[in-house]
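Student: Below are the structure tokens for one structure; questions will follow.
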Amino acid sequence: MQDLQQKREGFSSGLAVFFATLGSAVGLGNIWKFPYLTGQFGGGAFLLIYFLCIILVGLPIMLGEFYLGRSTRKNVVGAYEQIKPGQGWGYTGIMAVLGVYFIMFFYSCVAGWVYLYLFKAISGDFAGITAAVAKAQFGGVVVGPWSPIIWQVIVMATVSAILIMGVKQGIERITKTLMPLLFILIILCDIRALTLPGAGAGVDFMFNVDFSKITAPVILTALGLSFFKLSLGIGTMVTYSSYFTHDNNLFGTAAKVAVSDTLVSMLAGLAIFPAVFSFGMEPGAGPGLLFMTIPLVFSQMPLGSILLIAFFFLSSIAATTAMLSLVEVPVAYFVEEKGYGRKKAVMVNALIILGFGVLAALSADSSALLGQVTVFGKSFFDLFDYLSSNVILPLGGLIVAIFVGYVVKPAELRRELTNDGAIPVVLFDAFVFILRYITPVLLVLVFLSSIGVIK
Ligand code: PFF
């Protein structure tokens with residue numbers, strides 16, 4: 001055991017910590033979910049609620065997860081067990097591992113579409129397409145059956161290859177190289193979209209707040225999105241922070257990651273909505289927004305074919321770096337709790353994910369092979385997405401809030417989060433107050449409303 005602890009890898013600097021953690025947060029959530037949900041739920045009003053969720057729920061839970069990981073230097077199951085051994089808390093870690101699987105089942109499928117679209121953009125498949133062709137192309141992709149599965153396999157092979165290289169040589173090196181590139185590419189797309197005629201309508205749509213649009217489903221969705229966005233509730237941040245440097249300012253990292261991630265979402269929205277409005281498309285198009293609208297509008301604008309490659313390349317980067325953090329959760333668990341070698345742990349997990357992920361790949365559209373099969377009234381694809389975003393993530397977050405807020409010894413919590421007193425204690429006090437009294441109450445209220453107990 002001692003041996004394992006000594007050999008344990010970690011990130012090498014504060015910058016590496018920042019880029020890896022941001023790499024986890026930035027993903028399909030920013031480029032796929034965030035724009036289509038903002039589009040469906042009314043633009044600015046949704047954004048406002050989303051910001052509040054990040055501050056009052058997301059940030060405190062992220063710090064709670066950082067505490068669990070960095071103080072124990074363990075995987076998500078081991079972390080709970082080390083702090084409170086033998087009281088069953090380890091099972092909540094197992095739930096986190098299962099939550100990762102549910103996300104990966106559908107996330108790897110959507111990532112496969114993104115890789116495929118990058119390939120199509122490079123091959124010039126989108127040149128001169130019409131709305132009907134864009135729709136038909138996306139329909140062909142989601143119905144499959146072979147191409148979504150093949151691209152899902154390519155995605156998992158890529159993620160596995162990086163993870164096998166290890167925490168420093170794999171995760172750290174890739175995120176440090178690709179995250180800055182992602183920023184450059186997204187800004188390039190923004191400049192083009194914002195200089196289109198009529199772009200202002202898209203900007204207005206994003207920032208105009210209409211308070212009458214704030215309803216219970218809007219709040220629930222914004223909360224679910226804030227968890228999904230910041231990679232919370234399923235042990236990702238516990239696992240990554242177990243690789244953080246000892247002197248890292250956890251408050252600083254949490255704030256920088258939350259702000260930068262939100263910035264990327266806004267930049268993605270500012271690349272998409274002005275283009276959508278400028279070409280008279282529908283902002284509330286749903287999950288297909290990215291795949292149908294983007295090729296269509298970008299292919300019609302000057303420099304569009306290059307921008308399309310840039311756009312799907314940056315989307316592939318985002319999806320890949322987020323998946324590194326997801327799959328690292330069960331990998332660390334298998335290595336540390338089950339004694340697997342790293343390579344074997346990665347391969348076994350890739351196979352588990354592909355085994356069930358195929359169900360998502362074959363059910364993303366009602367006319368796909370398994371599109372008509374329903375469990376609890378939902379297709380496999382929708383079920384995996386719903387169960388993870390709306391149930392497991394917020395529930396996992398509630399457990400973190402209760403465990404860190406009420407079970408952990410306050411002095412121990414303070415020592416770790418203030419780096420032994422080096423960080424002002426007022427920050428810590430504010431954090432504890434929110435984590436104990438505000439975060440769990442909000443989570444419970446939203447939960448009750450989601451199951452219809454309160455309206
Ligand atoms: N944050 C990622 C995104 O926005 O795409 C997705 C994600 C990663 C969710 C890791 C949950 C997680 F634990």
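Scheme for the structure tokens: letters A, B, ... for chains in order shown; per-chain residue numbers from 1; ligand numbers from 1 in order shown.
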How would you write, as number ranges by chain, the set of residues no farther than 8 Å from ligand 1 when counting only C-alpha atoms and all ligand atoms?
Tutor: A: 24-31, 33, 100, 103, 227-237, 318-319, 322-323, 325-326, 393
Student: Take the residues just selected and output them with C-alpha atoms as a short mmCIF file (atom, residue, chain, number, x, y, z; two decimals), in the first residue's frame.
Tutor:
data_model
loop_
_atom_site.label_atom_id
_atom_site.label_comp_id
_atom_site.auth_asym_id
_atom_site.auth_seq_id
_atom_site.Cartn_x
_atom_site.Cartn_y
_atom_site.Cartn_z
CA SER A 24 -12.54 18.17 -17.79
CA ALA A 25 -15.08 20.97 -17.48
CA VAL A 26 -14.95 22.11 -21.10
CA GLY A 27 -16.58 19.54 -23.32
CA LEU A 28 -19.62 18.73 -25.36
CA GLY A 29 -21.50 20.48 -22.57
CA ASN A 30 -20.25 23.88 -23.78
CA ILE A 31 -20.59 23.31 -27.47
CA LYS A 33 -25.69 21.08 -24.60
CA VAL A 100 -19.47 7.94 -14.97
CA ILE A 103 -22.48 9.48 -18.97
CA PHE A 227 -23.30 19.99 -12.61
CA PHE A 228 -22.68 18.49 -15.98
CA LYS A 229 -20.62 21.48 -17.05
CA LEU A 230 -18.35 21.56 -14.03
CA SER A 231 -18.00 17.75 -14.01
CA LEU A 232 -19.51 17.41 -10.54
CA GLY A 233 -21.25 14.70 -8.55
CA ILE A 234 -19.54 11.61 -9.96
CA GLY A 235 -16.03 11.74 -8.59
CA THR A 236 -14.25 13.36 -11.51
CA MET A 237 -13.04 16.31 -9.49
CA ALA A 318 -13.26 19.49 -25.92
CA ALA A 319 -15.00 16.11 -25.99
CA ALA A 322 -13.58 15.77 -20.89
CA MET A 323 -13.67 12.01 -21.51
CA SER A 325 -11.40 12.89 -16.81
CA LEU A 326 -14.50 10.72 -16.91
CA LEU A 393 -25.11 14.09 -10.69
#
Student: Using only C-alpha atoms, which residues sit within 8 Å of stretch 17-20 of chain A once same-chain residues fewer than 6 positions away are excluded, as a PDB file with C-alpha atoms, in the first residue's frame?
Tutor:
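For reference, out-v5.pdb as written:
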ATOM      1  CA  PHE A  11       0.301  16.867 -12.035  1.00  0.00           C
ATOM      2  CA  ILE A 171      -3.568  13.714 -19.375  1.00  0.00           C
ATOM      3  CA  GLU A 172      -1.248  16.606 -18.456  1.00  0.00           C
ATOM      4  CA  THR A 175      -4.592  19.078 -21.963  1.00  0.00           C
ATOM      5  CA  LYS A 176      -1.725  21.597 -21.732  1.00  0.00           C
ATOM      6  CA  MET A 179      -6.732  23.706 -24.294  1.00  0.00           C
ATOM      7  CA  PHE A 244      -3.099  18.221  -7.575  1.00  0.00           C
ATOM      8  CA  THR A 245       0.053  19.771  -6.118  1.00  0.00           C
ATOM      9  CA  THR A 253      -8.421  26.867  -9.155  1.00  0.00           C
ATOM     10  CA  LYS A 256     -10.593  30.145 -12.507  1.00  0.00           C
ATOM     11  CA  VAL A 257     -12.034  26.924 -13.889  1.00  0.00           C
ATOM     12  CA  THR A 321     -10.268  16.070 -22.773  1.00  0.00           C
TER      13      THR A 321
END
Student: Tell me which protein, DNA and RNA residues are within 9 Å of stretch 299-304 of chain A, counting only C-alpha atoms, leaving out same-chain ones fewer than 2 positions away, and put them as a list of chain:residue names.
Tutor: A:Phe126, A:Ala127, A:Gly128, A:Ile129, A:Arg192, A:Leu196, A:Phe279, A:Ile294, A:Pro295, A:Leu296, A:Val297, A:Ile306, A:Leu307, A:Leu308, A:Ile309
Student: Considering only C-alpha atoms, give me a table of residues in stretch 206-275 of chain A that are at most 10 Å from stretch 45-62 of chain A, with the closest atom pair and distance in Å for each, as JSON lines.
Tutor:
{"residue": "A:Met206", "atom": "CA", "partner": "A:Leu47", "partner_atom": "CA", "distance": 7.8}
{"residue": "A:Phe207", "atom": "CA", "partner": "A:Leu47", "partner_atom": "CA", "distance": 7.8}
{"residue": "A:Asn208", "atom": "CA", "partner": "A:Ala45", "partner_atom": "CA", "distance": 7.3}
{"residue": "A:Val209", "atom": "CA", "partner": "A:Ala45", "partner_atom": "CA", "distance": 4.5}
{"residue": "A:Asp210", "atom": "CA", "partner": "A:Ala45", "partner_atom": "CA", "distance": 5.6}
{"residue": "A:Phe211", "atom": "CA", "partner": "A:Ala45", "partner_atom": "CA", "distance": 6.1}
{"residue": "A:Ser212", "atom": "CA", "partner": "A:Ala45", "partner_atom": "CA", "distance": 8.4}
{"residue": "A:Lys213", "atom": "CA", "partner": "A:Ala45", "partner_atom": "CA", "distance": 6.4}
{"residue": "A:Ile214", "atom": "CA", "partner": "A:Ala45", "partner_atom": "CA", "distance": 6.3}
{"residue": "A:Thr215", "atom": "CA", "partner": "A:Phe46", "partner_atom": "CA", "distance": 9.5}
{"residue": "A:Val218", "atom": "CA", "partner": "A:Phe46", "partner_atom": "CA", "distance": 6.6}
{"residue": "A:Ile219", "atom": "CA", "partner": "A:Ile49", "partner_atom": "CA", "distance": 6.5}
{"residue": "A:Leu220", "atom": "CA", "partner": "A:Ile49", "partner_atom": "CA", "distance": 9.6}
{"residue": "A:Thr221", "atom": "CA", "partner": "A:Tyr50", "partner_atom": "CA", "distance": 8.7}
{"residue": "A:Ala222", "atom": "CA", "partner": "A:Tyr50", "partner_atom": "CA", "distance": 5.0}
{"residue": "A:Leu223", "atom": "CA", "partner": "A:Cys53", "partner_atom": "CA", "distance": 5.7}
{"residue": "A:Gly224", "atom": "CA", "partner": "A:Cys53", "partner_atom": "CA", "distance": 9.1}
{"residue": "A:Leu225", "atom": "CA", "partner": "A:Tyr50", "partner_atom": "CA", "distance": 7.7}
{"residue": "A:Ser226", "atom": "CA", "partner": "A:Ile54", "partner_atom": "CA", "distance": 5.8}
{"residue": "A:Phe227", "atom": "CA", "partner": "A:Gly58", "partner_atom": "CA", "distance": 6.3}
{"residue": "A:Phe228", "atom": "CA", "partner": "A:Gly58", "partner_atom": "CA", "distance": 9.6}
{"residue": "A:Lys229", "atom": "CA", "partner": "A:Gly58", "partner_atom": "CA", "distance": 9.1}
{"residue": "A:Leu230", "atom": "CA", "partner": "A:Gly58", "partner_atom": "CA", "distance": 7.0}
{"residue": "A:Ser231", "atom": "CA", "partner": "A:Met62", "partner_atom": "CA", "distance": 8.5}
{"residue": "A:Leu232", "atom": "CA", "partner": "A:Met62", "partner_atom": "CA", "distance": 6.5}
{"residue": "A:Gly233", "atom": "CA", "partner": "A:Ile61", "partner_atom": "CA", "distance": 8.0}
{"residue": "A:Thr236", "atom": "CA", "partner": "A:Met62", "partner_atom": "CA", "distance": 9.8}
{"residue": "A:Met237", "atom": "CA", "partner": "A:Met62", "partner_atom": "CA", "distance": 6.9}
{"residue": "A:Val238", "atom": "CA", "partner": "A:Met62", "partner_atom": "CA", "distance": 8.6}
{"residue": "A:Ser241", "atom": "CA", "partner": "A:Met62", "partner_atom": "CA", "distance": 10.0}
{"residue": "A:Leu250", "atom": "CA", "partner": "A:Met62", "partner_atom": "CA", "distance": 9.4}
{"residue": "A:Phe251", "atom": "CA", "partner": "A:Leu59", "partner_atom": "CA", "distance": 8.9}
{"residue": "A:Thr253", "atom": "CA", "partner": "A:Met62", "partner_atom": "CA", "distance": 9.9}
{"residue": "A:Ala254", "atom": "CA", "partner": "A:Leu59", "partner_atom": "CA", "distance": 6.6}
{"residue": "A:Ala255", "atom": "CA", "partner": "A:Leu59", "partner_atom": "CA", "distance": 7.3}
{"residue": "A:Val257", "atom": "CA", "partner": "A:Leu59", "partner_atom": "CA", "distance": 9.6}
{"residue": "A:Ala258", "atom": "CA", "partner": "A:Leu59", "partner_atom": "CA", "distance": 7.3}
{"residue": "A:Val259", "atom": "CA", "partner": "A:Ile54", "partner_atom": "CA", "distance": 9.4}
{"residue": "A:Thr262", "atom": "CA", "partner": "A:Phe51", "partner_atom": "CA", "distance": 8.5}
{"residue": "A:Met266", "atom": "CA", "partner": "A:Leu47", "partner_atom": "CA", "distance": 9.5}
Student: Between A:Leu267, A:Glu336, A:Lys7, A:Gly124, which is the closest to A:Ile191 once you count only C-alpha atoms?
Tutor: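 For A:Ile191, the nearest of the given residues is A:Leu267.
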Student: Counting only C-alpha atoms, which residue out of A:Ser242, A:Thr130, A:Gln40, A:Ser389 sits closest to A:Val329?
Tutor: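 Smallest separation from A:Val329 among the options: A:Ser242.
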Student: Skip stretch 154-161 of chain A itself and residues of its chain fewer than 2 positions away, then list as a list in words all residues within 8 Å of it, counting only C-alpha atoms.
Tutor: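 Non-adjacent residues within range: Ser108, Ala111, Gly112, Tyr115, Ile150, Trp151, Gln152, Leu163, Ile164, Met165, Thr320, Met323, Leu324, Val346, Met347, Ala350 and Leu354 of chain A.
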Student: Could you save those same residues with N, CA and C atoms as a compact mmCIF listing (two decimals), in the first residue's frame?
Tutor:
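Heads up, here's the output in result.txt:
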# COMPACT_ATOMS: atom_id res chain seq x y z
N SER A 108 -19.73 9.12 -25.33
CA SER A 108 -18.81 8.57 -26.33
C SER A 108 -19.50 8.47 -27.68
N ALA A 111 -19.61 12.06 -29.01
CA ALA A 111 -18.23 12.38 -29.40
C ALA A 111 -17.89 11.71 -30.74
N GLY A 112 -18.41 10.51 -30.93
CA GLY A 112 -18.20 9.82 -32.21
C GLY A 112 -18.78 10.62 -33.37
N TYR A 115 -16.35 13.50 -34.06
CA TYR A 115 -15.17 13.05 -34.83
C TYR A 115 -15.56 12.85 -36.30
N ILE A 150 -18.70 2.54 -35.26
CA ILE A 150 -17.28 2.59 -35.63
C ILE A 150 -16.62 3.84 -35.05
N TRP A 151 -17.31 5.00 -35.15
CA TRP A 151 -16.72 6.23 -34.62
C TRP A 151 -16.65 6.23 -33.11
N GLN A 152 -17.59 5.54 -32.47
CA GLN A 152 -17.52 5.42 -31.02
C GLN A 152 -16.28 4.60 -30.63
N LEU A 163 -4.89 7.78 -21.99
CA LEU A 163 -4.91 7.41 -20.57
C LEU A 163 -3.82 6.40 -20.22
N ILE A 164 -3.54 5.50 -21.16
CA ILE A 164 -2.51 4.49 -20.89
C ILE A 164 -1.15 5.17 -20.68
N MET A 165 -0.95 6.31 -21.35
CA MET A 165 0.33 7.02 -21.19
C MET A 165 0.50 7.57 -19.76
N THR A 320 -12.79 15.14 -26.12
CA THR A 320 -11.76 14.18 -25.73
C THR A 320 -11.19 14.49 -24.34
N MET A 323 -13.58 13.47 -21.70
CA MET A 323 -13.67 12.01 -21.51
C MET A 323 -12.46 11.45 -20.77
N LEU A 324 -11.30 12.10 -20.93
CA LEU A 324 -10.12 11.65 -20.17
C LEU A 324 -10.46 11.66 -18.68
N VAL A 346 -7.52 0.48 -18.03
CA VAL A 346 -8.04 1.31 -19.12
C VAL A 346 -8.79 0.44 -20.13
N MET A 347 -8.18 -0.70 -20.49
CA MET A 347 -8.81 -1.52 -21.53
C MET A 347 -10.13 -2.12 -21.05
N ALA A 350 -12.70 0.58 -21.14
CA ALA A 350 -13.10 0.94 -22.51
C ALA A 350 -14.08 -0.12 -23.04
N LEU A 354 -17.86 0.56 -24.21
CA LEU A 354 -18.30 0.26 -25.58
C LEU A 354 -19.45 -0.75 -25.56
Student: Find the residues near A:Leu194: any atom within 9 Å, counting only C-alpha atoms, skip ones fewer than 6 places away on the same chain, and give them as a ChimeraX atom specification.
Tutor: /A:200,202-203,270-271,274-275
Student: Between A:Phe105, A:Tyr80, A:Phe277, A:Tyr406, which has the minimum distance to A:Gly355 (counting only C-alpha atoms)?
Tutor: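 For A:Gly355, the nearest of the given residues is A:Phe105.
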Student: Near A:Pro330, counting only C-alpha atoms, which residues have an atom at most 8 Å away, once you skip same-chain residues fewer than 2 positions from it, shown as a ChimeraX atom specification?
Tutor: /A:97,100,326-328,332-334,349
Student: Selection from above, C-alpha atoms, as an mmCIF file, in the first residue's frame, can you write it?
Tutor:
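Here's the written file out13.cif:
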data_model
loop_
_atom_site.group_PDB
_atom_site.id
_atom_site.type_symbol
_atom_site.label_atom_id
_atom_site.label_comp_id
_atom_site.auth_asym_id
_atom_site.auth_seq_id
_atom_site.Cartn_x
_atom_site.Cartn_y
_atom_site.Cartn_z
ATOM 1 C CA VAL A 97 -18.325 5.232 -10.751
ATOM 2 C CA VAL A 100 -19.472 7.937 -14.968
ATOM 3 C CA LEU A 326 -14.496 10.717 -16.909
ATOM 4 C CA VAL A 327 -12.733 7.457 -17.677
ATOM 5 C CA GLU A 328 -9.935 8.257 -15.202
ATOM 6 C CA ALA A 332 -8.093 4.998 -10.701
ATOM 7 C CA TYR A 333 -10.653 2.897 -8.828
ATOM 8 C CA PHE A 334 -9.664 -0.330 -10.601
ATOM 9 C CA ASN A 349 -13.180 0.111 -18.809
#
Student: Kindly indicate which residue among A:Phe183, A:Trp113, A:Tyr240, A:Phe298 lies nearest to A:Arg70, using only C-alpha atoms for the distances.
Tutor: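 Checking each candidate against A:Arg70, we get A:Tyr240 as the closest.
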Student: Among stretch 178-294 of chain A, which ones does DSSP assign to helix (DSSP H, G or I) (computed from the backbone)? Answer as a VMD selection string.
Tutor: chain A and resid 178 to 194 200 to 207 211 to 213 216 to 229 236 to 241 250 to 278 286 to 294
Student: When you draw a straight line from atom CA of A:Gly90 to atom CA of A:Val77, how long is it in Å?
Tutor: 4.9 Å
Student: Could you check which of A:Val375, A:Leu369, A:Ala121, A:Val400 is closest to A:Leu435, using only C-alpha atoms?
Tutor: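 The shortest atom-to-atom distance to A:Leu435 comes from A:Val400.
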Student: What gap, in Å, lies between atom CA of A:Leu370 and atom CA of A:Ala134?
Tutor: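 Computing it gives 23.1 Å between the two atoms.
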